[in-house]
Each structure stands twice: as structure tokens, then as C-alpha cells.
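The file query-v8.pdb contains PDB, C-alpha atoms:
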```pdb
ATOM      1  CA  MET Q 688     -36.497 -85.574 -31.889
ATOM      2  CA  ALA Q 689     -35.492 -83.661 -28.769
ATOM      3  CA  ASP Q 690     -33.226 -85.309 -26.254
ATOM      4  CA  ALA Q 691     -34.901 -86.636 -23.104
ATOM      5  CA  PRO Q 692     -34.267 -84.471 -20.022
ATOM      6  CA  LEU Q 693     -31.516 -85.623 -17.717
ATOM      7  CA  ALA Q 694     -32.662 -87.502 -14.620
ATOM      8  CA  ILE Q 695     -32.471 -85.450 -11.448
ATOM      9  CA  ASP Q 696     -30.451 -86.823  -8.549
ATOM     10  CA  ALA Q 697     -32.511 -85.294  -5.770
ATOM     11  CA  THR Q 698     -30.391 -86.456  -2.863
ATOM     12  CA  ARG Q 699     -27.173 -84.994  -4.251
ATOM     13  CA  ALA Q 700     -29.010 -81.742  -4.875
ATOM     14  CA  LEU Q 701     -30.281 -81.758  -1.292
ATOM     15  CA  VAL Q 702     -26.753 -82.379   0.005
ATOM     16  CA  SER Q 703     -25.482 -79.482  -2.091
ATOM     17  CA  VAL Q 704     -28.102 -77.033  -0.830
ATOM     18  CA  ALA Q 705     -27.669 -78.048   2.817
ATOM     19  CA  ALA Q 706     -23.888 -77.692   2.553
ATOM     20  CA  LYS Q 707     -24.259 -74.214   1.045
ATOM     21  CA  LEU Q 708     -26.538 -73.150   3.895
ATOM     22  CA  LEU Q 709     -23.999 -74.298   6.464
ATOM     23  CA  ALA Q 710     -21.127 -72.642   4.631
ATOM     24  CA  ALA Q 711     -23.094 -69.390   4.457
ATOM     25  CA  LYS Q 712     -23.220 -69.448   8.269
ATOM     26  CA  GLY Q 713     -19.466 -69.987   8.420
ATOM     27  CA  GLN Q 714     -19.795 -73.655   9.444
ATOM     28  CA  HIS Q 715     -17.473 -74.961   6.755
ATOM     29  CA  ASP Q 716     -16.453 -78.101   8.652
ATOM     30  CA  LEU Q 717     -20.101 -79.148   8.955
ATOM     31  CA  ALA Q 718     -20.669 -78.340   5.295
ATOM     32  CA  ALA Q 719     -17.806 -80.709   4.466
ATOM     33  CA  ILE Q 720     -19.426 -83.477   6.548
ATOM     34  CA  VAL Q 721     -22.660 -83.090   4.603
ATOM     35  CA  GLU Q 722     -20.863 -83.019   1.256
ATOM     36  CA  ARG Q 723     -19.144 -86.347   1.876
ATOM     37  CA  SER Q 724     -22.333 -88.001   3.150
ATOM     38  CA  ALA Q 725     -25.239 -89.695   1.395
ATOM     39  CA  ILE Q 726     -28.957 -89.176   1.953
ATOM     40  CA  SER Q 727     -31.828 -91.583   1.350
ATOM     41  CA  ILE Q 728     -35.565 -91.505   2.013
ATOM     42  CA  VAL Q 729     -37.056 -93.703   4.722
ATOM     43  CA  PRO Q 730     -40.304 -95.156   3.312
ATOM     44  CA  GLY Q 731     -43.583 -93.980   4.782
ATOM     45  CA  ALA Q 732     -44.035 -90.206   4.601
ATOM     46  CA  GLU Q 733     -46.407 -88.713   7.157
ATOM     47  CA  GLU Q 734     -49.169 -86.189   6.539
ATOM     48  CA  TRP Q 735     -49.012 -83.140   8.795
ATOM     49  CA  GLN Q 736     -51.680 -80.490   9.171
ATOM     50  CA  VAL Q 737     -49.977 -77.084   9.157
ATOM     51  CA  GLY Q 738     -52.646 -74.446   9.545
ATOM     52  CA  SER Q 739     -54.946 -74.881   6.571
ATOM     53  CA  ARG Q 740     -52.338 -76.873   4.630
ATOM     54  CA  VAL Q 741     -51.526 -80.571   4.550
ATOM     55  CA  VAL Q 742     -47.840 -81.307   3.985
ATOM     56  CA  GLU Q 743     -45.824 -84.484   3.434
ATOM     57  CA  ALA Q 744     -43.278 -84.958   6.222
ATOM     58  CA  HIS Q 745     -40.302 -87.075   5.183
ATOM     59  CA  ARG Q 746     -37.893 -89.088   7.306
ATOM     60  CA  LEU Q 747     -34.397 -88.997   5.839
ATOM     61  CA  ALA Q 748     -31.302 -91.036   6.608
ATOM     62  CA  LEU Q 749     -27.892 -89.350   6.580
ATOM     63  CA  GLU Q 750     -25.183 -91.947   6.018
ATOM     64  CA  VAL Q 751     -21.797 -90.751   7.250
ATOM     65  CA  GLY Q 752     -18.321 -92.169   7.785
ATOM     66  CA  ALA Q 753     -17.095 -93.485  11.128
ATOM     67  CA  ASP Q 754     -15.245 -90.335  12.216
ATOM     68  CA  ASP Q 755     -18.182 -88.112  11.282
ATOM     69  CA  PHE Q 756     -20.620 -90.437  13.037
ATOM     70  CA  VAL Q 757     -18.667 -90.216  16.280
ATOM     71  CA  ARG Q 758     -18.454 -86.445  16.022
ATOM     72  CA  LEU Q 759     -22.205 -86.101  15.538
ATOM     73  CA  ARG Q 760     -22.828 -88.459  18.453
ATOM     74  CA  VAL Q 761     -20.703 -86.459  20.877
ATOM     75  CA  ARG Q 762     -21.455 -82.963  19.531
ATOM     76  CA  GLU Q 763     -25.219 -82.598  19.577
ATOM     77  CA  ARG Q 764     -24.955 -78.960  18.509
ATOM     78  CA  ASP Q 765     -23.260 -80.000  15.254
ATOM     79  CA  LEU Q 766     -26.031 -82.496  14.521
ATOM     80  CA  GLU Q 767     -28.671 -79.863  15.227
ATOM     81  CA  ALA Q 768     -26.987 -77.493  12.764
ATOM     82  CA  ILE Q 769     -26.962 -80.158  10.044
ATOM     83  CA  ARG Q 770     -30.576 -81.057  10.824
ATOM     84  CA  TRP Q 771     -31.511 -77.373  10.462
ATOM     85  CA  ALA Q 772     -29.753 -77.103   7.096
ATOM     86  CA  ILE Q 773     -31.350 -80.234   5.645
ATOM     87  CA  GLY Q 774     -34.738 -79.301   7.082
ATOM     88  CA  SER Q 775     -34.474 -75.850   5.507
ATOM     89  CA  ALA Q 776     -33.674 -77.391   2.128
ATOM     90  CA  VAL Q 777     -36.605 -79.822   2.381
ATOM     91  CA  LYS Q 778     -39.148 -77.286   3.636
ATOM     92  CA  SER Q 779     -41.684 -76.043   1.099
ATOM     93  CA  GLY Q 780     -45.368 -75.330   0.860
ATOM     94  CA  THR Q 781     -46.076 -79.056   0.644
ATOM     95  CA  THR Q 782     -43.098 -80.779   2.318
ATOM     96  CA  GLU Q 783     -41.354 -80.826   5.699
ATOM     97  CA  LEU Q 784     -38.574 -82.795   7.381
ATOM     98  CA  ALA Q 785     -40.073 -85.165   9.957
ATOM     99  CA  GLU Q 786     -36.833 -86.695  11.201
ATOM    100  CA  LEU Q 787     -33.165 -86.984  10.273
ATOM    101  CA  LEU Q 788     -31.593 -90.314  11.155
ATOM    102  CA  VAL Q 789     -27.814 -90.569  11.278
ATOM    103  CA  VAL Q 790     -26.703 -94.063  10.287
ATOM    104  CA  ALA Q 791     -23.169 -94.718   9.160
ATOM    105  CA  ARG Q 792     -25.774 -85.409  -5.924
ATOM    106  CA  LEU Q 793     -26.290 -83.171  -8.622
ATOM    107  CA  PRO Q 794     -25.411 -79.516  -8.792
ATOM    108  CA  TYR Q 795     -27.920 -77.243  -7.154
ATOM    109  CA  LEU Q 796     -31.440 -77.833  -8.448
ATOM    110  CA  GLU Q 797     -33.555 -74.896  -9.480
ATOM    111  CA  GLN Q 798     -36.592 -76.526  -7.909
ATOM    112  CA  PRO Q 799     -37.752 -77.319  -4.375
ATOM    113  CA  TRP Q 800     -37.577 -80.631  -2.561
ATOM    114  CA  ALA Q 801     -41.362 -80.760  -3.008
ATOM    115  CA  THR Q 802     -40.826 -82.052  -6.556
ATOM    116  CA  ALA Q 803     -37.224 -83.280  -6.454
ATOM    117  CA  TYR Q 804     -37.824 -85.913  -3.767
ATOM    118  CA  ARG Q 805     -39.782 -88.080  -6.199
ATOM    119  CA  THR Q 806     -36.519 -89.169  -7.867
ATOM    120  CA  ALA Q 807     -34.623 -89.935  -4.647
ATOM    121  CA  PRO Q 808     -33.770 -93.582  -3.897
ATOM    122  CA  PRO Q 809     -35.463 -95.223  -0.893
ATOM    123  CA  ALA Q 810     -33.417 -96.387   2.070
ATOM    124  CA  VAL Q 811     -32.332-100.009   1.781
ATOM    125  CA  ASP Q 812     -31.186-102.605   4.280
ATOM    126  CA  ASP Q 813     -27.458-102.917   3.605
ATOM    127  CA  GLY Q 814     -26.679-104.412   7.011
ATOM    128  CA  ALA Q 815     -25.045-107.708   6.041
ATOM    129  CA  PRO Q 816     -23.297-109.124   9.155
ATOM    130  CA  GLU Q 817     -19.789-108.872   7.721
ATOM    131  CA  ARG Q 818     -20.368-105.230   6.773
ATOM    132  CA  VAL Q 819     -21.798-104.411  10.196
ATOM    133  CA  LEU Q 820     -18.836-106.070  11.895
ATOM    134  CA  ARG Q 821     -16.362-104.125   9.777
ATOM    135  CA  ALA Q 822     -18.222-100.859  10.388
ATOM    136  CA  ALA Q 823     -18.317-101.543  14.136
ATOM    137  CA  ALA Q 824     -14.536-102.011  14.168
ATOM    138  CA  GLU Q 825     -14.106 -98.713  12.305
ATOM    139  CA  LEU Q 826     -16.366 -96.975  14.821
ATOM    140  CA  ALA Q 827     -14.358 -98.441  17.686
ATOM    141  CA  MET Q 828     -11.165 -97.002  16.216
ATOM    142  CA  ALA Q 829     -12.881 -93.644  15.705
ATOM    143  CA  TYR Q 830     -13.863 -93.696  19.390
ATOM    144  CA  GLY Q 831     -10.239 -94.488  20.286
ATOM    145  CA  LEU Q 832     -11.144 -97.999  21.465
ATOM    146  CA  ALA Q 833      -8.367-100.066  19.902
ATOM    147  CA  ARG Q 834      -8.985-103.000  22.253
ATOM    148  CA  VAL Q 835     -12.636-103.168  21.201
ATOM    149  CA  ALA Q 836     -11.659-103.017  17.530
ATOM    150  CA  GLY Q 837      -9.260-105.916  18.067
ATOM    151  CA  VAL Q 838     -11.973-108.074  19.634
ATOM    152  CA  LEU Q 839     -14.340-107.305  16.763
ATOM    153  CA  GLU Q 840     -11.717-108.176  14.169
ATOM    154  CA  ARG Q 841     -11.252-111.606  15.784
ATOM    155  CA  SER Q 842     -14.978-112.306  15.969
ATOM    156  CA  LEU Q 843     -17.870-113.416  13.787
ATOM    157  CA  LEU Q 844     -21.301-111.794  13.676
ATOM    158  CA  GLU Q 845     -24.696-113.405  13.201
ATOM    159  CA  ALA Q 846     -27.967-111.547  12.602
ATOM    160  CA  PHE Q 847     -31.530-112.725  13.168
ATOM    161  CA  ASP Q 848     -34.625-110.776  12.127
ATOM    162  CA  LEU Q 849     -37.614-110.773  14.466
ATOM    163  CA  PRO Q 850     -41.283-110.437  13.432
ATOM    164  CA  SER Q 851     -42.296-106.789  13.095
ATOM    165  CA  ASP Q 852     -45.014-104.804  11.334
ATOM    166  CA  GLU Q 853     -42.902-101.664  10.937
ATOM    167  CA  LEU Q 854     -39.114-101.254  11.068
ATOM    168  CA  ALA Q 855     -37.168-104.500  10.889
ATOM    169  CA  GLN Q 856     -36.210-105.680  14.385
ATOM    170  CA  ARG Q 857     -32.840-107.430  14.453
ATOM    171  CA  ARG Q 858     -30.940-109.471  17.050
ATOM    172  CA  LEU Q 859     -27.157-109.611  16.740
ATOM    173  CA  VAL Q 860     -24.943-112.357  18.150
ATOM    174  CA  LEU Q 861     -21.211-111.673  18.376
ATOM    175  CA  ARG Q 862     -19.200-114.907  18.369
ATOM    176  CA  MET Q 863     -15.873-114.320  20.129
ATOM    177  CA  THR Q 864     -12.851-116.372  21.088
ATOM    178  CA  SER Q 865     -13.016-117.950  24.538
ATOM    179  CA  ARG Q 866     -10.366-115.561  25.825
ATOM    180  CA  ASP Q 867     -12.246-112.493  24.566
ATOM    181  CA  LEU Q 868     -15.552-113.701  25.995
ATOM    182  CA  VAL Q 869     -13.984-114.225  29.421
ATOM    183  CA  ALA Q 870     -12.499-110.726  29.165
ATOM    184  CA  THR Q 871     -15.972-109.235  28.617
ATOM    185  CA  GLU Q 872     -17.318-111.124  31.631
ATOM    186  CA  ARG Q 873     -14.559-109.646  33.774
ATOM    187  CA  ASP Q 874     -14.784-106.160  32.249
ATOM    188  CA  SER Q 875     -18.334-104.840  31.908
ATOM    189  CA  ALA Q 876     -17.071-101.666  30.202
ATOM    190  CA  LEU Q 877     -15.540-103.742  27.403
ATOM    191  CA  ALA Q 878     -18.819-105.613  26.917
ATOM    192  CA  GLU Q 879     -20.805-102.364  26.841
ATOM    193  CA  GLN Q 880     -18.415-100.796  24.319
ATOM    194  CA  LEU Q 881     -18.677-103.814  22.018
ATOM    195  CA  GLN Q 882     -22.459-103.743  22.166
ATOM    196  CA  ARG Q 883     -22.620 -99.982  21.606
ATOM    197  CA  CYS Q 884     -20.419-100.100  18.503
ATOM    198  CA  LEU Q 885     -22.468-102.967  17.064
ATOM    199  CA  VAL Q 886     -25.769-101.193  17.738
ATOM    200  CA  HIS Q 887     -24.513 -98.034  16.048
ATOM    201  CA  ALA Q 888     -23.123 -99.952  13.070
ATOM    202  CA  GLY Q 889     -26.144-102.215  12.690
ATOM    203  CA  THR Q 890     -28.851 -99.562  12.971
ATOM    204  CA  ARG Q 891     -30.034 -98.560   9.520
ATOM    205  CA  ALA Q 892     -32.840 -96.350   8.297
ATOM    206  CA  SER Q 893     -35.053 -99.430   7.999
ATOM    207  CA  VAL Q 894     -33.556-101.612  10.768
ATOM    208  CA  ARG Q 895     -33.493-101.329  14.556
ATOM    209  CA  ILE Q 896     -31.145-103.429  16.689
ATOM    210  CA  VAL Q 897     -33.057-104.735  19.694
ATOM    211  CA  THR Q 898     -30.320-106.759  21.376
ATOM    212  CA  VAL Q 899     -26.659-107.719  21.052
ATOM    213  CA  GLU Q 900     -25.596-111.016  22.605
ATOM    214  CA  LEU Q 901     -21.999-111.986  23.339
ATOM    215  CA  ARG Q 902     -21.281-115.673  22.788
ATOM    216  CA  VAL Q 903     -18.282-117.943  22.331
ATOM    217  CA  ARG Q 904     -17.023-118.695  18.849
ATOM    218  CA  PRO Q 905     -16.634-122.403  18.046
ATOM    219  CA  GLU Q 906     -12.998-123.277  18.633
ATOM    220  CA  ALA Q 907     -12.758-125.037  15.284
ATOM    221  CA  GLU Q 908     -13.543-121.727  13.558
ATOM    222  CA  ALA Q 909     -11.532-119.549  15.927
ATOM    223  CA  THR Q 910      -8.213-121.270  15.249
TER     224      THR Q 910
END
```
So that I can check it, write out the structure of this file as C-alpha cells.
Amino acid sequence: MADAPLAIDATRALVSVAAKLLAAKGQHDLAAIVERSAISIVPGAEEWQVGSRVVEAHRLALEVGADDFVRLRVRERDLEAIRWAIGSAVKSGTTELAELLVVARLPYLEQPWATAYRTAPPAVDDGAPERVLRAAAELAMAYGLARVAGVLERSLLEAFDLPSDELAQRRLVLRMTSRDLVATERDSALAEQLQRCLVHAGTRASVRIVTVELRVRPEAEAT
């Protein structure tokens, strides 16, 4: 009896192709970013009419590390180059890239994304509060905001999902020490930086952060 064919890891193959495209253009640093990232499919492909053809347009999530996330936030041209590479790898007679979300692998496949995508894992909600808080602190350090990272490390995070028919809508509550909360009331930039890092860390392919509230942490837990 013949051996069963090996399962295809479509997302790793997609990463490999996109990285090769970037490297071929001499953008080796961007190729390295793609190679150390992970890609997942956001559920709900769209149907696009392209001339006489109907194609499936996929939304993909690119999960990157903190340093890479910051770079892609501040260098829009780098993100556009990566979006072009992934879109080129996805494009076929029946598939297109609808959107690439940045949220923070097999050798090259001899077949297009049009068939490979069927084996790719869907995006999942991995935004547990403790993970979001840790990721937010890492982002703060990547931004060079050591003070913000310190506040986050001393705090607790709560998450509350709101009713929604589409993407999950989530409210975050950061519980801080009394001293840190007073500091945010006196320094609006500090408050904005805390909220920005938490929004970036908490936003997932299937989750949107609608608000971040800053509240005091119960003294019994803060000591």
C-alpha cells in the first residue's frame, strides 16, 4: 500500500515564496521579517468579480515580533513591500489578497495558493489578558518607552467582550497602582502611550479593541 501524501503546510509555503520575492528585489531585511513571521487566514473570504472571472479574496494575518511590528508601523513603505510580496504569492486565476493585517512553513510548494490555502489554519483568538499585557510591555520597549513598560509590568489587565455580529469587539481595563494612575492623569502622553500599546497588542485577526480604560488596581492586590 502506498504511503499517504505528506500534508501541505500552506502558510509556511506562502511565507517562503513571499520572502524569495523580496530577496529577489534586494530587500533581504524585509525577507527576513517575513521568514520569522507566521501567517493565518481570517475567516470569511470575499467573492470579487474580476472581468469575467469570480475570484476568492482572502484576508490574511501576519503575526510578527515586537521589533518588527514597530518597524512596520513606522515604515509604511516596508509594509507595502511585504503586502506586495504576499499578494503576489496569493494571486492566481481564482484567488486574490483582500487585506493583510499585521498583528503581533514548508519548502516552496509547486502549486499556487489557489489550492494550497485549503490546508492553512484559520486565525484564532489568542488574546488572553496576561498575554496581551506581556506583549504590550514588549511593544513599549520596542518603541523605546521604558516608563510605559514599567507601568504595564506593575499592572493587571481585564478584558470584556461586547456583542457583535462580525469581528469580536473587546473592551480592555488596565488596573494600575494608585501612583501610576495619578501619573497618567497628570501626563496625557503617558496615558495615550499605554492605550496605544494595549490596542496594538490586543488587536488580533478576529478581535478589535474598541476602548482601553485606565483604572486603579485594588491595593490589596497591588502590594
### Query
Applied to this file, what does the PyMOL selection byres ((chain Q and resi 848-865) around 10) return in terms of residues, put as a VMD selection string?
chain Q and resid 730 to 731 812 816 819 to 820 838 to 847 866 to 871 881 to 882 885 to 886 889 to 906 908 to 910
### Query
Evaluating the PyMOL selection byres ((chain Q and resi 742) around 12) on the displayed file yields which residues, as a list in words?
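Evaluating the PyMOL selection byres ((chain Q and resi 742) around 12) on this file yields Ala732, Glu733, Glu734, Trp735, Gln736, Val737, Gly738, Ser739, Arg740, Val741, Glu743, Ala744, His745, Val777, Lys778, Ser779, Gly780, Thr781, Thr782, Glu783, Leu784, Ala785 and Ala801 of chain Q.
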Please save C-alpha atoms of the selected residues as an mmCIF file, in the frame of the given file.
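Result file follows (part.cif):
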```
data_model
loop_
_atom_site.group_PDB
_atom_site.id
_atom_site.type_symbol
_atom_site.label_atom_id
_atom_site.label_comp_id
_atom_site.auth_asym_id
_atom_site.auth_seq_id
_atom_site.Cartn_x
_atom_site.Cartn_y
_atom_site.Cartn_z
ATOM 1 C CA ALA Q 732 -44.035 -90.206 4.601
ATOM 2 C CA GLU Q 733 -46.407 -88.713 7.157
ATOM 3 C CA GLU Q 734 -49.169 -86.189 6.539
ATOM 4 C CA TRP Q 735 -49.012 -83.140 8.795
ATOM 5 C CA GLN Q 736 -51.680 -80.490 9.171
ATOM 6 C CA VAL Q 737 -49.977 -77.084 9.157
ATOM 7 C CA GLY Q 738 -52.646 -74.446 9.545
ATOM 8 C CA SER Q 739 -54.946 -74.881 6.571
ATOM 9 C CA ARG Q 740 -52.338 -76.873 4.630
ATOM 10 C CA VAL Q 741 -51.526 -80.571 4.550
ATOM 11 C CA GLU Q 743 -45.824 -84.484 3.434
ATOM 12 C CA ALA Q 744 -43.278 -84.958 6.222
ATOM 13 C CA HIS Q 745 -40.302 -87.075 5.183
ATOM 14 C CA VAL Q 777 -36.605 -79.822 2.381
ATOM 15 C CA LYS Q 778 -39.148 -77.286 3.636
ATOM 16 C CA SER Q 779 -41.684 -76.043 1.099
ATOM 17 C CA GLY Q 780 -45.368 -75.330 0.860
ATOM 18 C CA THR Q 781 -46.076 -79.056 0.644
ATOM 19 C CA THR Q 782 -43.098 -80.779 2.318
ATOM 20 C CA GLU Q 783 -41.354 -80.826 5.699
ATOM 21 C CA LEU Q 784 -38.574 -82.795 7.381
ATOM 22 C CA ALA Q 785 -40.073 -85.165 9.957
ATOM 23 C CA ALA Q 801 -41.362 -80.760 -3.008
#
```
### Task
To one decimal in Å, tell me the separation between CA of Leu826 (chain Q) and CA of Asp754 (chain Q).
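Going from CA of Leu826 (chain Q) over to CA of Asp754 (chain Q), I get 7.2 Å.
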### Message
I'd like to know which of Q:Met828, Q:Ala706, Q:Ala697, Q:Cys884 is closest to Ala768 (chain Q), using all atoms listed in the file.
### Response
Q:Ala706
### Query
Excluding same-chain residues fewer than 5 positions from Ser724 (chain Q), what lies within 7 Å of it counting all atoms listed in the file, as a list in words?
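Counting only the stated atoms, we get Leu749, Glu750 and Val751 of chain Q.
Within 7 Å of the point (-27.6, -87.6, 2.2), and counting only C-alpha atoms, the protein, DNA and RNA residues are Thr698, Arg699, Val702, Ser724, Ala725, Ile726, Ser727, Ala748, Leu749 and Glu750 of chain Q.
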### Message
Just the number, please: distance in Å from CA of Trp771 (chain Q) to CA of Ala753 (chain Q), one decimal.
### Response
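Answer for the CA of Trp771 (chain Q) to CA of Ala753 (chain Q) separation: 21.6 Å.
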### Query
Nearest to Leu701 (chain Q) among Q:Val835, Q:Ala876, Q:Leu759, Q:Ala772, with distances taken over all atoms listed in the file: which residue is it?
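Ranking Q:Val835, Q:Ala876, Q:Leu759, Q:Ala772 by distance to Leu701 (chain Q), first place goes to Q:Ala772.
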#### Entry: Atom pair CA of Ala836 (chain Q) / CA of Arg883 (chain Q): separation (Å)
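Atom-to-atom, CA of Ala836 (chain Q) and CA of Arg883 (chain Q) are spaced 12.1 Å apart.
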### Task
Using the chain letters and numbering of this document, enumerate as a list of chain:residue names the residues selected by the PyMOL selection byres ((chain Q and resi 709) around 10).
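That selection, the PyMOL selection byres ((chain Q and resi 709) around 10), comes back as Q:Val704, Q:Ala705, Q:Ala706, Q:Lys707, Q:Leu708, Q:Ala710, Q:Ala711, Q:Lys712, Q:Gly713, Q:Gln714, Q:His715, Q:Asp716, Q:Leu717, Q:Ala718, Q:Ala719, Q:Val721, Q:Ala768, Q:Ile769, Q:Trp771, Q:Ala772, Q:Ile773.
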### Message
Measuring between only C-alpha atoms, which one of Q:Glu767, Q:Leu787, Q:Ser875, Q:Val757 shows the shortest distance to Gly831 (chain Q)?
### Response
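Closest to Gly831 (chain Q), using only C-alpha atoms: Q:Val757.
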To box region 815-826 of chain Q, take all atoms listed in the file, fit an axis-aligned box, add 4 Å on each side, and give centre and edge lengths in Å to one decimal, as JSON.
```
{"center_x": -19.6, "center_y": -103.0, "center_z": 10.4, "size_x": 18.9, "size_y": 20.1, "size_z": 16.8}
```
As a PDB file, in the frame of the given file, please: region 816-845 of chain Q completed to N, CA and C atoms.
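Result file is rebuild.pdb:
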```
ATOM      1  N   PRO Q 816     -24.101-108.984   7.934  1.00  0.00           N
ATOM      2  CA  PRO Q 816     -23.297-109.124   9.155  1.00  0.00           C
ATOM      3  C   PRO Q 816     -21.829-108.756   8.987  1.00  0.00           C
ATOM      4  N   GLU Q 817     -21.210-109.178   7.887  1.00  0.00           N
ATOM      5  CA  GLU Q 817     -19.789-108.872   7.721  1.00  0.00           C
ATOM      6  C   GLU Q 817     -19.552-107.372   7.553  1.00  0.00           C
ATOM      7  N   ARG Q 818     -20.500-106.676   6.934  1.00  0.00           N
ATOM      8  CA  ARG Q 818     -20.368-105.230   6.773  1.00  0.00           C
ATOM      9  C   ARG Q 818     -20.582-104.527   8.106  1.00  0.00           C
ATOM     10  N   VAL Q 819     -21.551-104.999   8.879  1.00  0.00           N
ATOM     11  CA  VAL Q 819     -21.798-104.411  10.196  1.00  0.00           C
ATOM     12  C   VAL Q 819     -20.585-104.600  11.099  1.00  0.00           C
ATOM     13  N   LEU Q 820     -20.000-105.786  11.059  1.00  0.00           N
ATOM     14  CA  LEU Q 820     -18.836-106.070  11.895  1.00  0.00           C
ATOM     15  C   LEU Q 820     -17.664-105.163  11.523  1.00  0.00           C
ATOM     16  N   ARG Q 821     -17.450-104.993  10.231  1.00  0.00           N
ATOM     17  CA  ARG Q 821     -16.362-104.125   9.777  1.00  0.00           C
ATOM     18  C   ARG Q 821     -16.621-102.669  10.170  1.00  0.00           C
ATOM     19  N   ALA Q 822     -17.875-102.234  10.015  1.00  0.00           N
ATOM     20  CA  ALA Q 822     -18.222-100.859  10.388  1.00  0.00           C
ATOM     21  C   ALA Q 822     -18.079-100.646  11.889  1.00  0.00           C
ATOM     22  N   ALA Q 823     -18.444-101.656  12.680  1.00  0.00           N
ATOM     23  CA  ALA Q 823     -18.317-101.543  14.136  1.00  0.00           C
ATOM     24  C   ALA Q 823     -16.851-101.391  14.539  1.00  0.00           C
ATOM     25  N   ALA Q 824     -15.965-102.128  13.876  1.00  0.00           N
ATOM     26  CA  ALA Q 824     -14.536-102.011  14.168  1.00  0.00           C
ATOM     27  C   ALA Q 824     -14.023-100.618  13.802  1.00  0.00           C
ATOM     28  N   GLU Q 825     -14.505-100.068  12.696  1.00  0.00           N
ATOM     29  CA  GLU Q 825     -14.106 -98.713  12.305  1.00  0.00           C
ATOM     30  C   GLU Q 825     -14.610 -97.688  13.318  1.00  0.00           C
ATOM     31  N   LEU Q 826     -15.833 -97.878  13.801  1.00  0.00           N
ATOM     32  CA  LEU Q 826     -16.366 -96.975  14.821  1.00  0.00           C
ATOM     33  C   LEU Q 826     -15.542 -97.059  16.099  1.00  0.00           C
ATOM     34  N   ALA Q 827     -15.168 -98.274  16.476  1.00  0.00           N
ATOM     35  CA  ALA Q 827     -14.358 -98.441  17.686  1.00  0.00           C
ATOM     36  C   ALA Q 827     -13.050 -97.669  17.567  1.00  0.00           C
ATOM     37  N   MET Q 828     -12.411 -97.745  16.414  1.00  0.00           N
ATOM     38  CA  MET Q 828     -11.165 -97.002  16.216  1.00  0.00           C
ATOM     39  C   MET Q 828     -11.420 -95.498  16.254  1.00  0.00           C
ATOM     40  N   ALA Q 829     -12.546 -95.070  15.683  1.00  0.00           N
ATOM     41  CA  ALA Q 829     -12.881 -93.644  15.705  1.00  0.00           C
ATOM     42  C   ALA Q 829     -13.129 -93.159  17.128  1.00  0.00           C
ATOM     43  N   TYR Q 830     -13.660 -94.026  17.979  1.00  0.00           N
ATOM     44  CA  TYR Q 830     -13.863 -93.696  19.390  1.00  0.00           C
ATOM     45  C   TYR Q 830     -12.563 -93.787  20.187  1.00  0.00           C
ATOM     46  N   GLY Q 831     -11.494 -94.300  19.572  1.00  0.00           N
ATOM     47  CA  GLY Q 831     -10.239 -94.488  20.286  1.00  0.00           C
ATOM     48  C   GLY Q 831     -10.210 -95.761  21.107  1.00  0.00           C
ATOM     49  N   LEU Q 832     -11.030 -96.744  20.722  1.00  0.00           N
ATOM     50  CA  LEU Q 832     -11.144 -97.999  21.465  1.00  0.00           C
ATOM     51  C   LEU Q 832     -10.451 -99.117  20.684  1.00  0.00           C
ATOM     52  N   ALA Q 833      -9.128 -99.084  20.682  1.00  0.00           N
ATOM     53  CA  ALA Q 833      -8.367-100.066  19.902  1.00  0.00           C
ATOM     54  C   ALA Q 833      -8.602-101.487  20.398  1.00  0.00           C
ATOM     55  N   ARG Q 834      -8.753-101.658  21.709  1.00  0.00           N
ATOM     56  CA  ARG Q 834      -8.985-103.000  22.253  1.00  0.00           C
ATOM     57  C   ARG Q 834     -10.306-103.567  21.738  1.00  0.00           C
ATOM     58  N   VAL Q 835     -11.333-102.737  21.705  1.00  0.00           N
ATOM     59  CA  VAL Q 835     -12.636-103.168  21.201  1.00  0.00           C
ATOM     60  C   VAL Q 835     -12.529-103.542  19.727  1.00  0.00           C
ATOM     61  N   ALA Q 836     -11.830-102.725  18.956  1.00  0.00           N
ATOM     62  CA  ALA Q 836     -11.659-103.017  17.530  1.00  0.00           C
ATOM     63  C   ALA Q 836     -10.963-104.358  17.336  1.00  0.00           C
ATOM     64  N   GLY Q 837      -9.970-104.648  18.172  1.00  0.00           N
ATOM     65  CA  GLY Q 837      -9.260-105.916  18.067  1.00  0.00           C
ATOM     66  C   GLY Q 837     -10.170-107.107  18.324  1.00  0.00           C
ATOM     67  N   VAL Q 838     -11.024-106.991  19.344  1.00  0.00           N
ATOM     68  CA  VAL Q 838     -11.973-108.074  19.634  1.00  0.00           C
ATOM     69  C   VAL Q 838     -12.911-108.283  18.449  1.00  0.00           C
ATOM     70  N   LEU Q 839     -13.417-107.201  17.893  1.00  0.00           N
ATOM     71  CA  LEU Q 839     -14.340-107.305  16.763  1.00  0.00           C
ATOM     72  C   LEU Q 839     -13.674-107.956  15.555  1.00  0.00           C
ATOM     73  N   GLU Q 840     -12.426-107.615  15.321  1.00  0.00           N
ATOM     74  CA  GLU Q 840     -11.717-108.176  14.169  1.00  0.00           C
ATOM     75  C   GLU Q 840     -11.466-109.675  14.319  1.00  0.00           C
ATOM     76  N   ARG Q 841     -11.457-110.171  15.549  1.00  0.00           N
ATOM     77  CA  ARG Q 841     -11.252-111.606  15.784  1.00  0.00           C
ATOM     78  C   ARG Q 841     -12.561-112.382  15.870  1.00  0.00           C
ATOM     79  N   SER Q 842     -13.671-111.696  15.716  1.00  0.00           N
ATOM     80  CA  SER Q 842     -14.978-112.306  15.969  1.00  0.00           C
ATOM     81  C   SER Q 842     -15.775-112.520  14.690  1.00  0.00           C
ATOM     82  N   LEU Q 843     -16.877-113.234  14.844  1.00  0.00           N
ATOM     83  CA  LEU Q 843     -17.870-113.416  13.787  1.00  0.00           C
ATOM     84  C   LEU Q 843     -19.180-112.798  14.261  1.00  0.00           C
ATOM     85  N   LEU Q 844     -20.019-112.397  13.313  1.00  0.00           N
ATOM     86  CA  LEU Q 844     -21.301-111.794  13.676  1.00  0.00           C
ATOM     87  C   LEU Q 844     -22.438-112.527  12.977  1.00  0.00           C
ATOM     88  N   GLU Q 845     -23.482-112.812  13.746  1.00  0.00           N
ATOM     89  CA  GLU Q 845     -24.696-113.405  13.201  1.00  0.00           C
ATOM     90  C   GLU Q 845     -25.851-112.435  13.425  1.00  0.00           C
TER      91      GLU Q 845
END
```
